[in-house]
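protein.txt (compact mmCIF, C-alpha atoms and all ligand atoms)
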```
# COMPACT_ATOMS: atom_id res chain seq x y z
CA MET A 1 -71.42 -30.29 45.18
CA SER A 2 -70.12 -27.69 42.78
CA LEU A 3 -66.49 -26.89 42.03
CA TRP A 4 -65.06 -24.28 39.65
CA ILE A 5 -61.51 -24.41 38.34
CA ILE A 6 -61.08 -20.90 37.05
CA ASN A 7 -58.42 -19.11 34.98
CA GLY A 8 -56.55 -22.26 33.94
CA SER A 9 -54.84 -22.68 30.58
CA VAL A 10 -55.98 -25.57 28.46
CA TRP A 11 -54.45 -26.87 25.24
CA ASP A 12 -56.49 -25.75 22.25
CA LYS A 13 -55.99 -28.03 19.26
CA ALA A 14 -57.31 -25.63 16.66
CA ALA A 15 -55.14 -22.77 17.90
CA SER A 16 -52.22 -25.13 18.71
CA GLY A 17 -51.68 -23.17 21.87
CA LEU A 18 -52.95 -22.51 25.36
CA VAL A 19 -56.22 -20.68 25.93
CA LYS A 20 -57.87 -19.61 29.15
CA GLN A 21 -60.76 -21.73 30.31
CA HIS A 22 -63.00 -22.05 33.35
CA ILE A 23 -64.34 -25.47 34.22
CA ARG A 24 -67.39 -26.22 36.33
CA ILE A 25 -67.65 -29.62 37.96
CA GLU A 26 -70.90 -31.05 39.30
CA ASP A 27 -71.35 -34.44 40.93
CA GLY A 28 -68.05 -35.83 39.68
CA LYS A 29 -68.58 -34.77 36.09
CA ILE A 30 -67.44 -31.86 33.95
CA ALA A 31 -70.59 -29.77 33.66
CA GLU A 32 -69.41 -26.73 31.73
CA LEU A 33 -66.35 -25.33 29.94
CA ALA A 34 -66.40 -21.55 29.69
CA SER A 35 -63.86 -19.49 27.79
CA GLY A 36 -63.00 -15.83 28.23
CA GLU A 37 -60.46 -13.73 30.07
CA THR A 38 -62.63 -13.16 33.13
CA ALA A 39 -63.97 -15.91 35.30
CA PRO A 40 -67.73 -16.43 35.38
CA ASP A 41 -69.77 -15.89 38.53
CA THR A 42 -68.99 -18.92 40.65
CA GLY A 43 -71.74 -18.29 43.19
CA SER A 44 -71.43 -20.46 46.27
CA ALA A 45 -69.28 -23.08 44.55
CA GLU A 46 -65.88 -24.10 45.80
CA VAL A 47 -63.18 -22.43 43.64
CA ILE A 48 -59.67 -23.40 42.59
CA ASP A 49 -57.80 -20.58 40.90
CA ALA A 50 -55.49 -22.14 38.30
CA GLU A 51 -54.16 -18.81 36.99
CA GLY A 52 -50.90 -19.42 35.14
CA LYS A 53 -51.27 -23.19 35.33
CA LEU A 54 -52.01 -25.86 32.74
CA VAL A 55 -55.26 -27.74 33.22
CA SER A 56 -55.33 -31.10 31.44
CA ALA A 57 -57.49 -34.16 31.40
CA GLY A 58 -56.01 -36.42 34.08
CA PHE A 59 -53.11 -38.54 32.85
CA ILE A 60 -53.77 -42.21 32.11
CA ASP A 61 -51.10 -44.88 32.62
CA MET A 62 -52.01 -48.25 31.14
CA HIS A 63 -48.98 -50.13 32.50
CA VAL A 64 -48.07 -50.03 36.19
CA HIS A 65 -47.08 -52.37 39.00
CA LEU A 66 -48.78 -51.72 42.34
CA ARG A 67 -47.26 -54.84 43.98
CA ASP A 68 -50.44 -55.44 46.00
CA PRO A 69 -51.18 -58.18 47.03
CA GLY A 70 -47.94 -59.78 48.14
CA PHE A 71 -45.10 -57.34 47.70
CA GLU A 72 -46.30 -54.51 49.91
CA TYR A 73 -42.75 -53.81 51.05
CA LYS A 74 -42.18 -52.40 47.54
CA GLU A 75 -45.54 -50.63 47.13
CA ASP A 76 -49.19 -51.09 47.94
CA ILE A 77 -52.44 -49.71 46.61
CA ALA A 78 -52.41 -46.78 49.06
CA THR A 79 -48.84 -45.67 48.33
CA GLY A 80 -48.93 -46.55 44.63
CA THR A 81 -52.08 -44.57 43.91
CA ARG A 82 -50.72 -41.59 45.88
CA SER A 83 -47.54 -41.74 43.85
CA ALA A 84 -49.68 -41.84 40.70
CA ALA A 85 -51.75 -38.86 41.85
CA LYS A 86 -48.59 -36.90 42.65
CA GLY A 87 -47.45 -37.53 39.09
CA GLY A 88 -50.76 -36.25 37.73
CA PHE A 89 -52.22 -39.69 36.90
CA THR A 90 -55.92 -40.23 37.53
CA THR A 91 -56.36 -43.67 35.92
CA ILE A 92 -53.82 -46.49 36.10
CA ALA A 93 -53.95 -50.09 34.90
CA CYS A 94 -52.11 -52.54 37.13
CA MET A 95 -50.22 -55.62 36.08
CA PRO A 96 -50.92 -59.11 37.46
CA ASN A 97 -47.43 -60.12 38.64
CA THR A 98 -48.50 -59.92 42.27
CA ARG A 99 -48.44 -62.70 44.92
CA PRO A 100 -50.77 -64.44 44.52
CA VAL A 101 -50.72 -63.68 40.81
CA THR A 102 -53.85 -61.82 39.73
CA ASP A 103 -55.28 -64.91 38.07
CA THR A 104 -58.60 -65.37 39.89
CA PRO A 105 -61.77 -63.28 40.32
CA GLU A 106 -60.99 -63.14 44.07
CA THR A 107 -57.72 -61.29 43.50
CA ILE A 108 -59.35 -58.90 41.01
CA LYS A 109 -61.99 -58.24 43.66
CA TYR A 110 -59.33 -57.74 46.34
CA ILE A 111 -57.64 -55.05 44.21
CA LEU A 112 -60.88 -53.26 43.36
CA ASP A 113 -62.14 -53.38 46.97
CA LYS A 114 -58.86 -52.23 48.46
CA ASN A 115 -58.64 -49.39 45.97
CA ALA A 116 -62.18 -48.31 46.81
CA LYS A 117 -61.12 -48.11 50.49
CA GLU A 118 -57.52 -46.92 50.34
CA GLY A 119 -56.73 -45.79 46.81
CA VAL A 120 -57.01 -42.25 45.46
CA VAL A 121 -57.07 -42.78 41.68
CA ARG A 122 -58.96 -45.13 39.37
CA VAL A 123 -57.33 -48.54 39.21
CA LEU A 124 -58.09 -50.87 36.31
CA PRO A 125 -56.74 -54.36 36.93
CA TYR A 126 -55.33 -56.66 34.29
CA ALA A 127 -55.57 -60.40 34.84
CA ALA A 128 -52.97 -63.00 33.99
CA ILE A 129 -53.16 -64.99 30.75
CA SER A 130 -51.82 -68.13 32.43
CA LYS A 131 -52.32 -69.52 35.92
CA ASN A 132 -49.53 -68.29 38.17
CA GLN A 133 -48.02 -66.76 35.00
CA LEU A 134 -46.31 -70.08 34.36
CA GLY A 135 -47.37 -70.33 30.72
CA ARG A 136 -48.94 -73.76 31.23
CA GLU A 137 -52.69 -73.31 31.63
CA LEU A 138 -55.02 -70.46 30.70
CA THR A 139 -56.88 -68.63 33.44
CA ASP A 140 -60.70 -68.42 33.45
CA PHE A 141 -61.07 -65.42 31.11
CA ALA A 142 -64.86 -65.23 31.32
CA ALA A 143 -64.90 -65.24 35.13
CA LEU A 144 -62.07 -62.69 35.25
CA LYS A 145 -63.93 -60.43 32.83
CA ALA A 146 -67.06 -60.69 34.97
CA ALA A 147 -64.97 -59.74 38.04
CA GLY A 148 -63.83 -56.51 36.38
CA THR A 149 -60.55 -57.11 34.60
CA ILE A 150 -59.88 -54.96 31.56
CA GLY A 151 -57.52 -57.24 29.64
CA PHE A 152 -55.21 -60.22 29.78
CA THR A 153 -51.43 -60.17 30.09
CA ASP A 154 -48.60 -62.12 31.68
CA ASP A 155 -46.50 -58.94 32.01
CA GLY A 156 -43.24 -59.63 33.77
CA VAL A 157 -42.71 -62.63 31.50
CA GLY A 158 -43.36 -63.39 27.86
CA VAL A 159 -45.83 -66.11 26.84
CA GLN A 160 -43.34 -68.60 25.45
CA SER A 161 -45.71 -70.94 23.66
CA ALA A 162 -47.18 -69.70 20.39
CA GLN A 163 -50.07 -72.14 20.78
CA MET A 164 -50.91 -70.79 24.22
CA MET A 165 -50.81 -67.22 22.91
CA LYS A 166 -53.05 -68.16 20.00
CA ASP A 167 -55.55 -69.85 22.35
CA ALA A 168 -55.47 -66.82 24.66
CA MET A 169 -56.12 -64.47 21.76
CA ALA A 170 -59.01 -66.56 20.39
CA LEU A 171 -60.61 -66.69 23.82
CA ALA A 172 -60.07 -62.97 24.48
CA LYS A 173 -61.53 -62.16 21.06
CA SER A 174 -64.67 -64.17 21.84
CA LEU A 175 -65.10 -62.06 24.98
CA ASP A 176 -64.25 -58.77 23.21
CA MET A 177 -61.21 -58.29 25.44
CA PRO A 178 -57.65 -57.22 24.54
CA VAL A 179 -54.44 -59.20 24.98
CA ILE A 180 -51.50 -57.16 26.24
CA ALA A 181 -48.05 -58.65 25.77
CA HIS A 182 -44.68 -58.45 27.43
CA CYS A 183 -42.59 -59.56 24.44
CA GLU A 184 -39.56 -61.60 25.38
CA ASP A 185 -38.18 -64.91 24.14
CA ASN A 186 -36.54 -66.53 27.16
CA THR A 187 -34.06 -68.56 25.14
CA LEU A 188 -32.37 -65.36 23.95
CA VAL A 189 -32.03 -63.58 27.28
CA GLU A 190 -31.12 -66.11 29.94
CA GLY A 191 -28.97 -64.53 32.63
CA LEU A 192 -28.46 -61.29 30.68
CA PHE A 193 -29.26 -57.90 32.17
CA VAL A 194 -28.22 -55.09 29.80
CA SER A 195 -28.80 -54.78 26.07
CA GLU A 196 -26.33 -55.60 23.36
CA GLY A 197 -24.54 -52.32 22.76
CA LYS A 198 -21.72 -50.05 23.80
CA PHE A 199 -22.18 -50.65 27.54
CA SER A 200 -22.20 -54.44 27.21
CA SER A 201 -19.20 -54.56 24.89
CA GLU A 202 -17.14 -52.11 26.93
CA ASN A 203 -17.80 -54.15 30.04
CA GLY A 204 -17.21 -57.52 28.44
CA LEU A 205 -20.84 -58.61 28.93
CA LYS A 206 -23.05 -60.62 26.65
CA GLY A 207 -26.02 -58.35 25.94
CA ILE A 208 -29.75 -58.88 25.47
CA PRO A 209 -30.36 -58.83 21.70
CA ASN A 210 -33.15 -56.79 20.12
CA GLU A 211 -34.63 -59.94 18.56
CA SER A 212 -35.58 -61.25 22.00
CA GLU A 213 -38.39 -58.66 21.96
CA ALA A 214 -39.14 -58.41 18.24
CA ILE A 215 -39.54 -62.16 17.69
CA HIS A 216 -42.57 -62.11 19.98
CA VAL A 217 -43.93 -58.94 18.40
CA GLY A 218 -43.77 -60.52 14.94
CA ARG A 219 -45.21 -63.83 16.10
CA ASP A 220 -48.04 -62.15 17.97
CA ILE A 221 -48.98 -59.84 15.09
CA LEU A 222 -49.43 -62.95 12.94
CA LEU A 223 -51.54 -64.53 15.67
CA ALA A 224 -53.57 -61.34 16.09
CA GLU A 225 -54.18 -61.34 12.34
CA ALA A 226 -55.36 -64.95 12.54
CA THR A 227 -57.62 -64.43 15.56
CA GLY A 228 -58.77 -60.83 15.03
CA VAL A 229 -58.07 -59.90 18.66
CA HIS A 230 -57.01 -56.45 19.84
CA TYR A 231 -53.32 -57.02 20.54
CA HIS A 232 -51.37 -54.41 22.52
CA VAL A 233 -47.56 -54.48 22.76
CA CYS A 234 -46.00 -53.54 26.09
CA HIS A 235 -42.99 -51.25 26.51
CA VAL A 236 -41.71 -51.23 22.92
CA SER A 237 -37.96 -50.64 22.91
CA THR A 238 -36.43 -51.75 19.59
CA GLU A 239 -36.24 -50.60 16.02
CA GLN A 240 -37.21 -54.10 14.86
CA SER A 241 -40.41 -54.16 16.95
CA VAL A 242 -41.37 -50.75 15.56
CA ARG A 243 -40.91 -52.01 12.02
CA LEU A 244 -43.20 -54.99 12.66
CA ILE A 245 -45.91 -52.94 14.40
CA ARG A 246 -45.85 -50.43 11.56
CA LEU A 247 -46.34 -53.25 9.05
CA GLY A 248 -49.09 -54.81 11.18
CA LYS A 249 -50.99 -51.52 11.25
CA GLN A 250 -50.50 -51.06 7.50
CA ILE A 251 -52.09 -54.42 6.72
CA GLY A 252 -55.01 -53.78 9.07
CA VAL A 253 -54.13 -55.93 12.07
CA ASN A 254 -55.68 -54.60 15.29
CA VAL A 255 -52.33 -53.91 16.96
CA THR A 256 -51.55 -51.03 19.32
CA ALA A 257 -48.43 -50.20 21.31
CA GLU A 258 -46.95 -48.25 24.21
CA VAL A 259 -43.52 -46.82 25.05
CA CYS A 260 -41.98 -45.78 28.38
CA PRO A 261 -40.37 -42.41 29.16
CA HIS A 262 -37.01 -44.06 29.91
CA HIS A 263 -36.89 -45.71 26.48
CA LEU A 264 -37.56 -42.32 24.87
CA VAL A 265 -34.95 -40.46 26.91
CA LEU A 266 -32.12 -42.88 27.73
CA SER A 267 -29.92 -45.30 25.79
CA ASP A 268 -27.48 -47.95 26.99
CA GLU A 269 -24.72 -45.41 26.43
CA ASP A 270 -26.08 -43.29 29.28
CA ILE A 271 -25.64 -46.07 31.87
CA PRO A 272 -23.10 -44.58 34.27
CA GLY A 273 -21.80 -47.86 35.68
CA PHE A 274 -23.00 -50.90 37.56
CA ASP A 275 -25.98 -49.23 39.20
CA ALA A 276 -29.22 -51.23 39.35
CA ASN A 277 -31.34 -48.09 39.04
CA TRP A 278 -30.43 -48.38 35.36
CA LYS A 279 -31.65 -51.96 35.13
CA MET A 280 -35.09 -52.48 33.70
CA ASN A 281 -36.86 -54.82 31.31
CA PRO A 282 -36.74 -54.22 28.41
CA PRO A 283 -33.25 -52.83 28.93
CA LEU A 284 -32.10 -49.43 27.70
CA ARG A 285 -31.27 -50.02 24.04
CA THR A 286 -28.94 -48.29 21.59
CA PRO A 287 -29.32 -44.66 20.48
CA ARG A 288 -30.55 -46.01 17.14
CA ASP A 289 -33.44 -47.77 18.92
CA VAL A 290 -34.22 -44.65 20.93
CA ALA A 291 -34.51 -42.67 17.68
CA ALA A 292 -36.75 -45.40 16.24
CA VAL A 293 -39.22 -45.43 19.15
CA ILE A 294 -39.39 -41.63 19.17
CA GLU A 295 -40.15 -41.63 15.45
CA ALA A 296 -42.74 -44.38 15.94
CA LEU A 297 -44.52 -42.37 18.63
CA GLU A 298 -44.44 -39.31 16.39
CA ASP A 299 -45.93 -41.11 13.36
CA GLY A 300 -48.59 -42.99 15.35
CA THR A 301 -47.04 -46.46 15.11
CA ILE A 302 -46.78 -46.33 18.91
CA ASP A 303 -50.05 -45.07 20.37
CA MET A 304 -49.34 -44.02 23.93
CA ILE A 305 -46.87 -43.41 26.73
CA VAL A 306 -46.94 -45.58 29.88
CA THR A 307 -44.55 -45.50 32.84
CA ASP A 308 -44.21 -49.24 33.64
CA HIS A 309 -43.89 -47.97 37.24
CA ALA A 310 -41.98 -50.91 38.78
CA PRO A 311 -41.05 -50.28 42.41
CA HIS A 312 -38.39 -52.39 44.12
CA SER A 313 -36.92 -51.91 47.59
CA ALA A 314 -33.57 -50.21 48.19
CA GLU A 315 -32.25 -53.47 49.59
CA GLU A 316 -33.19 -55.36 46.42
CA LYS A 317 -31.67 -52.72 44.18
CA ALA A 318 -28.48 -52.71 46.29
CA ARG A 319 -27.75 -56.31 45.27
CA GLY A 320 -25.84 -55.02 42.26
CA MET A 321 -26.71 -54.87 38.62
CA GLN A 322 -26.55 -58.58 37.97
CA LEU A 323 -28.66 -59.72 40.92
CA ALA A 324 -31.09 -56.86 41.44
CA PRO A 325 -34.60 -57.16 39.97
CA PHE A 326 -35.49 -55.33 36.74
CA GLY A 327 -37.59 -52.17 36.96
CA ILE A 328 -37.76 -48.50 37.87
CA VAL A 329 -40.46 -46.28 39.37
CA GLY A 330 -42.07 -43.88 36.94
CA PHE A 331 -45.15 -41.97 38.11
CA GLU A 332 -43.50 -38.97 39.73
CA THR A 333 -41.04 -38.08 36.98
CA ALA A 334 -42.93 -39.00 33.78
CA PHE A 335 -44.56 -35.72 32.86
CA PRO A 336 -41.78 -33.28 33.88
CA LEU A 337 -39.21 -35.54 32.21
CA LEU A 338 -41.02 -35.63 28.87
CA TYR A 339 -42.09 -32.00 29.05
CA THR A 340 -38.49 -30.92 29.67
CA GLN A 341 -36.93 -33.24 27.08
CA PHE A 342 -39.43 -32.96 24.24
CA VAL A 343 -41.70 -29.93 24.69
CA LYS A 344 -39.27 -27.38 26.16
CA THR A 345 -36.82 -28.29 23.39
CA GLY A 346 -39.46 -27.59 20.72
CA LYS A 347 -39.53 -31.16 19.38
CA TRP A 348 -43.17 -31.77 20.34
CA THR A 349 -46.09 -29.51 21.03
CA LEU A 350 -47.54 -29.70 24.51
CA GLY A 351 -50.73 -31.02 22.89
CA PHE A 352 -48.85 -33.93 21.36
CA LEU A 353 -47.45 -35.00 24.72
CA LEU A 354 -50.80 -34.59 26.48
CA ASP A 355 -52.65 -36.66 23.88
CA ARG A 356 -50.25 -39.56 24.30
CA MET A 357 -50.92 -39.49 28.05
CA THR A 358 -54.70 -38.91 27.93
CA ALA A 359 -56.79 -39.15 24.75
CA ASP A 360 -54.79 -41.94 23.11
CA PRO A 361 -54.84 -44.48 25.95
CA ALA A 362 -58.56 -43.65 26.37
CA ARG A 363 -59.19 -44.27 22.67
CA VAL A 364 -57.25 -47.55 22.57
CA PHE A 365 -58.77 -48.99 25.76
CA LYS A 366 -62.23 -47.41 25.28
CA LEU A 367 -62.20 -45.39 28.50
CA GLU A 368 -64.61 -42.57 29.33
CA THR A 369 -61.85 -40.46 30.80
CA GLY A 370 -58.95 -38.74 29.05
CA ARG A 371 -60.81 -35.74 27.67
CA LEU A 372 -61.91 -32.32 28.80
CA ALA A 373 -65.52 -32.26 27.69
CA ALA A 374 -68.90 -31.59 29.23
CA GLY A 375 -70.34 -34.85 30.50
CA ALA A 376 -66.97 -36.57 30.93
CA PRO A 377 -65.81 -37.74 34.37
CA ALA A 378 -64.09 -34.83 36.18
CA ASP A 379 -60.57 -36.27 36.21
CA LEU A 380 -58.12 -33.40 35.87
CA THR A 381 -54.50 -32.58 36.38
CA ILE A 382 -53.18 -29.09 37.10
CA VAL A 383 -49.53 -28.51 36.19
CA ASP A 384 -47.20 -25.61 36.88
CA LEU A 385 -45.35 -25.62 33.57
CA GLY A 386 -42.92 -22.96 34.78
CA SER A 387 -41.82 -24.72 37.94
CA GLU A 388 -38.33 -26.17 37.91
CA ARG A 389 -37.17 -28.72 40.43
CA THR A 390 -34.42 -31.26 40.92
CA VAL A 391 -35.66 -34.83 41.18
CA ASP A 392 -35.21 -36.01 44.76
CA PRO A 393 -36.21 -39.68 45.10
CA ALA A 394 -36.35 -39.27 48.90
CA THR A 395 -39.46 -37.13 48.46
CA PHE A 396 -41.41 -39.64 46.37
CA ALA A 397 -44.86 -40.65 47.59
CA SER A 398 -44.06 -44.14 46.30
CA ARG A 399 -42.74 -46.61 48.87
CA SER A 400 -39.76 -47.15 46.57
CA ASN A 401 -37.33 -44.73 44.98
CA ASN A 402 -35.53 -46.79 42.33
CA THR A 403 -35.03 -44.26 39.56
CA PRO A 404 -32.14 -43.29 37.29
CA PHE A 405 -33.44 -39.70 37.21
CA GLY A 406 -32.38 -38.59 40.70
CA GLY A 407 -30.65 -35.22 40.47
CA TRP A 408 -32.15 -34.33 37.09
CA LYS A 409 -33.39 -30.76 36.85
CA LEU A 410 -36.88 -30.91 35.33
CA GLN A 411 -39.61 -28.45 34.52
CA GLY A 412 -43.42 -28.81 34.54
CA TRP A 413 -44.50 -30.31 37.86
CA PRO A 414 -48.09 -31.31 38.65
CA VAL A 415 -49.57 -29.26 41.50
CA ALA A 416 -53.03 -30.78 41.91
CA THR A 417 -54.86 -33.90 40.81
CA ILE A 418 -58.62 -34.26 40.71
CA VAL A 419 -60.44 -37.59 40.40
CA ASN A 420 -64.19 -37.73 40.00
CA GLY A 421 -64.44 -34.08 41.00
CA ALA A 422 -62.45 -34.47 44.24
CA VAL A 423 -58.94 -33.12 44.86
CA VAL A 424 -56.98 -36.29 45.70
CA TRP A 425 -53.55 -34.69 45.80
CA SER A 426 -52.27 -31.13 45.87
CA GLU A 427 -48.88 -29.63 46.45
CA GLN A 428 -50.00 -27.74 49.54
CA ALA A 429 -51.64 -30.74 51.21
N1 LIG B 1 -40.29 -53.59 33.67
C1 LIG B 1 -39.54 -54.13 34.59
O1 LIG B 1 -38.32 -53.97 34.53
N2 LIG B 1 -40.05 -54.85 35.61
C2 LIG B 1 -41.41 -55.19 35.82
C3 LIG B 1 -41.88 -56.31 34.95
C4 LIG B 1 -42.20 -55.94 33.54
O2 LIG B 1 -42.77 -54.88 33.26
O3 LIG B 1 -41.91 -56.74 32.63
C5 LIG B 1 -41.58 -55.56 37.29
O4 LIG B 1 -42.63 -56.11 37.65
O5 LIG B 1 -40.70 -55.25 38.09
ZN ZN B 2 -43.03 -56.24 30.95
ZN ZN B 3 -44.44 -54.00 33.51
```
Would you mind writing the structure in this file as structure tokens?
Amino acid sequence: MSLWIINGSVWDKAASGLVKQHIRIEDGKIAELASGETAPDTGSAEVIDAEGKLVSAGFIDMHVHLRDPGFEYKEDIATGTRSAAKGGFTTIACMPNTRPVTDTPETIKYILDKNAKEGVVRVLPYAAISKNQLGRELTDFAALKAAGTIGFTDDGVGVQSAQMMKDAMALAKSLDMPVIAHCEDNTLVEGLFVSEGKFSSENGLKGIPNESEAIHVGRDILLAEATGVHYHVCHVSTEQSVRLIRLGKQIGVNVTAEVCPHHLVLSDEDIPGFDANWKMNPPLRTPRDVAAVIEALEDGTIDMIVTDHAPHSAEEKARGMQLAPFGIVGFETAFPLLYTQFVKTGKWTLGFLLDRMTADPARVFKLETGRLAAGAPADLTIVDLGSERTVDPATFASRSNNTPFGGWKLQGWPVATIVNGAVVWSEQA
């Protein structure tokens, strides 16, 4: 079982540019990387000619919602992993706010088994911190670790009790597992659905204040310092959170963080009106916050980009901004959106963007994937950097199409995705 991907362009760090490379894959692993203008003799191997295309390590998304089990009308493991593959993602980590909540070894096993049968990318499940994500009683961390979870989080809700968070961190630390936190103080956000800013004031709404996120970030960094756990902050969206994470890193706390494409690209001032495709948690913040999270990603305070792919049905999103659930889909627009907004404009190198979507999540979560190197798993993404297309949510592979980016003209679309040496999605197929 031999496959050559010939004539592709890969990002070369030393040269800070693209160089031609030919990649041989054997038995699901990268066997050889050959440079040079002409392709090597490929013998009887299967060949993909990636002439004129970018070849990258497959993208990694450490924060996604697959909605399976329980909310299959929004997404399931089959549709969610296809949507991921179409966006160039080869590894995704799924959040536990399913029904039942992913709080038992049985549900972890259900996800892993179903993905083995119906999924097309690697799925790494998170387990809940608290039973039913109610913040009352810790789950069985040791049993969940044994079942294959990669970390503990109550994403969807914040852990309100500091004592519970401290206990969770101490237990996770004893098992050498990370705690991943959705940071939100419920007492500051009740009933609110957009951030405090121009949109809220112009529409006479009380807005979600930045402190609702940052209070948890600050609290949890102190608790991470006390317990020594690896603490990872979900979807950072405020200037204040960035300041606290930066300080935590400076004083040696084991804190890492992620940011979503929409928080890098959109502010509350872009919200066109009462349209629930612009409603997500955390909400779109002020332009000042957007500048702060961009700067934090650039200086390493924020380690990686995640989509927080959060599918909801058209019917749910049609309930209006106040009643609709929070969340937007993210897999199928993430790379072209960021490539168009930050690389095409000259703000970032292509290598910078790729690292935040491959090597950095792999480093933080100790994954084998995320690099193009001999011996590494053959997870690759091929992208046509020159292709330009208008986002059409009706064409998404996801079961849902709740996105604010419909109609955006973007460049840099994935054309093929390879997991473990097998093509799991390609534009032609
Ligand atoms: N991000 C969202 O707006 N929604 C997520 C929950 C979450 O990530 O907190 C969801 O599950 O729908
Ligand atoms: Zn969250
Ligand atoms: Zn989430």
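For ligand ZN 2 (chain B), the set of protein, DNA and RNA residues within 6 Å, based on only C-alpha atoms and all ligand atoms, reads Asp155, Gly156 and His182 of chain A.
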With the cut-off set at 9 Å and counting all atoms listed in the file, tabulate each residue of chain A with an atom at most that distance from an atom of ligand LIG 1 (chain B), showing the nearest atom pair and its distance in Å to one decimal, ordered by chain and increasing number, as CSV.
```
residue,atom,partner,partner_atom,distance
A:His63,CA,B:LIG1,O2,7.9
A:Val64,CA,B:LIG1,O2,7.8
A:His65,CA,B:LIG1,O4,6.0
A:Leu66,CA,B:LIG1,O4,8.9
A:Arg67,CA,B:LIG1,O4,7.9
A:Met95,CA,B:LIG1,O4,7.8
A:Pro96,CA,B:LIG1,O4,8.8
A:Asn97,CA,B:LIG1,O4,6.3
A:Thr98,CA,B:LIG1,O4,8.4
A:Asp154,CA,B:LIG1,O3,8.6
A:Asp155,CA,B:LIG1,O3,5.1
A:Gly156,CA,B:LIG1,O3,3.4
A:Val157,CA,B:LIG1,O3,6.1
A:Gly158,CA,B:LIG1,O3,8.3
A:His182,CA,B:LIG1,O3,6.1
A:Cys183,CA,B:LIG1,O3,8.7
A:Cys234,CA,B:LIG1,O2,8.0
A:His235,CA,B:LIG1,O2,7.7
A:Lys279,CA,B:LIG1,O1,7.0
A:Met280,CA,B:LIG1,O1,3.7
A:Asn281,CA,B:LIG1,O1,3.6
A:Pro282,CA,B:LIG1,O1,6.3
A:Pro283,CA,B:LIG1,O1,7.6
A:Asp308,CA,B:LIG1,O2,5.8
A:His309,CA,B:LIG1,N1,7.6
A:Ala310,CA,B:LIG1,O5,4.6
A:Pro311,CA,B:LIG1,O5,6.6
A:His312,CA,B:LIG1,O5,7.1
A:Pro325,CA,B:LIG1,O5,6.7
A:Phe326,CA,B:LIG1,O1,3.8
A:Gly327,CA,B:LIG1,O1,3.1
A:Ile328,CA,B:LIG1,O1,6.4
```
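Interatomic distance, CA of Asp268 in chain A against CA of Arg288 in chain A: 10.5 Å.
Distance annotation: of A:Glu427, A:Asp61, A:Glu51, A:Glu106, the residue with the minimal separation from Val123 in chain A is A:Asp61; atom set is only C-alpha atoms.
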Padding of 3 Å on every side, edges along x, y and z, all listed atoms of range 254-268 of chain A included: what centre and edge lengths in Å, to one decimal, does that box have, as lines of an AutoDock Vina configuration file?
```
center_x = -41.6
center_y = -47.5
center_z = 22.6
size_x = 34.2
size_y = 20.1
size_z = 20.6
```
*Can you tell me, as a PyMOL selection string, what residues are no more than 8 Å from Asn420 in chain A when counting all atoms listed in the file, ignoring any on the same chain fewer than 6 positions away?*
chain A and resi 27-29+377-379
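Residues lying within 10 Å of Ser387 in chain A, counting all atoms listed in the file and ignoring same-chain neighbours fewer than 5 positions away, are Lys53, Pro336, Leu410, Gln411, Gly412, Trp413, Pro414 and Val415 of chain A.
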Keeping C-alpha atoms, export the residues of the selection given above as a compact mmCIF listing (two decimals), in the coordinates of the input.
```
# COMPACT_ATOMS: atom_id res chain seq x y z
CA LYS A 53 -51.27 -23.19 35.33
CA PRO A 336 -41.78 -33.28 33.88
CA LEU A 410 -36.88 -30.91 35.33
CA GLN A 411 -39.61 -28.45 34.52
CA GLY A 412 -43.42 -28.81 34.54
CA TRP A 413 -44.50 -30.31 37.86
CA PRO A 414 -48.09 -31.31 38.65
CA VAL A 415 -49.57 -29.26 41.50
```
*Mind checking which residues fall within 8 Å of Asp68 in chain A, counting only C-alpha atoms, ignoring those fewer than 2 positions away in the same chain, and posting them as a ChimeraX atom specification?*
/A:66,70-72,75-77,98-99,111
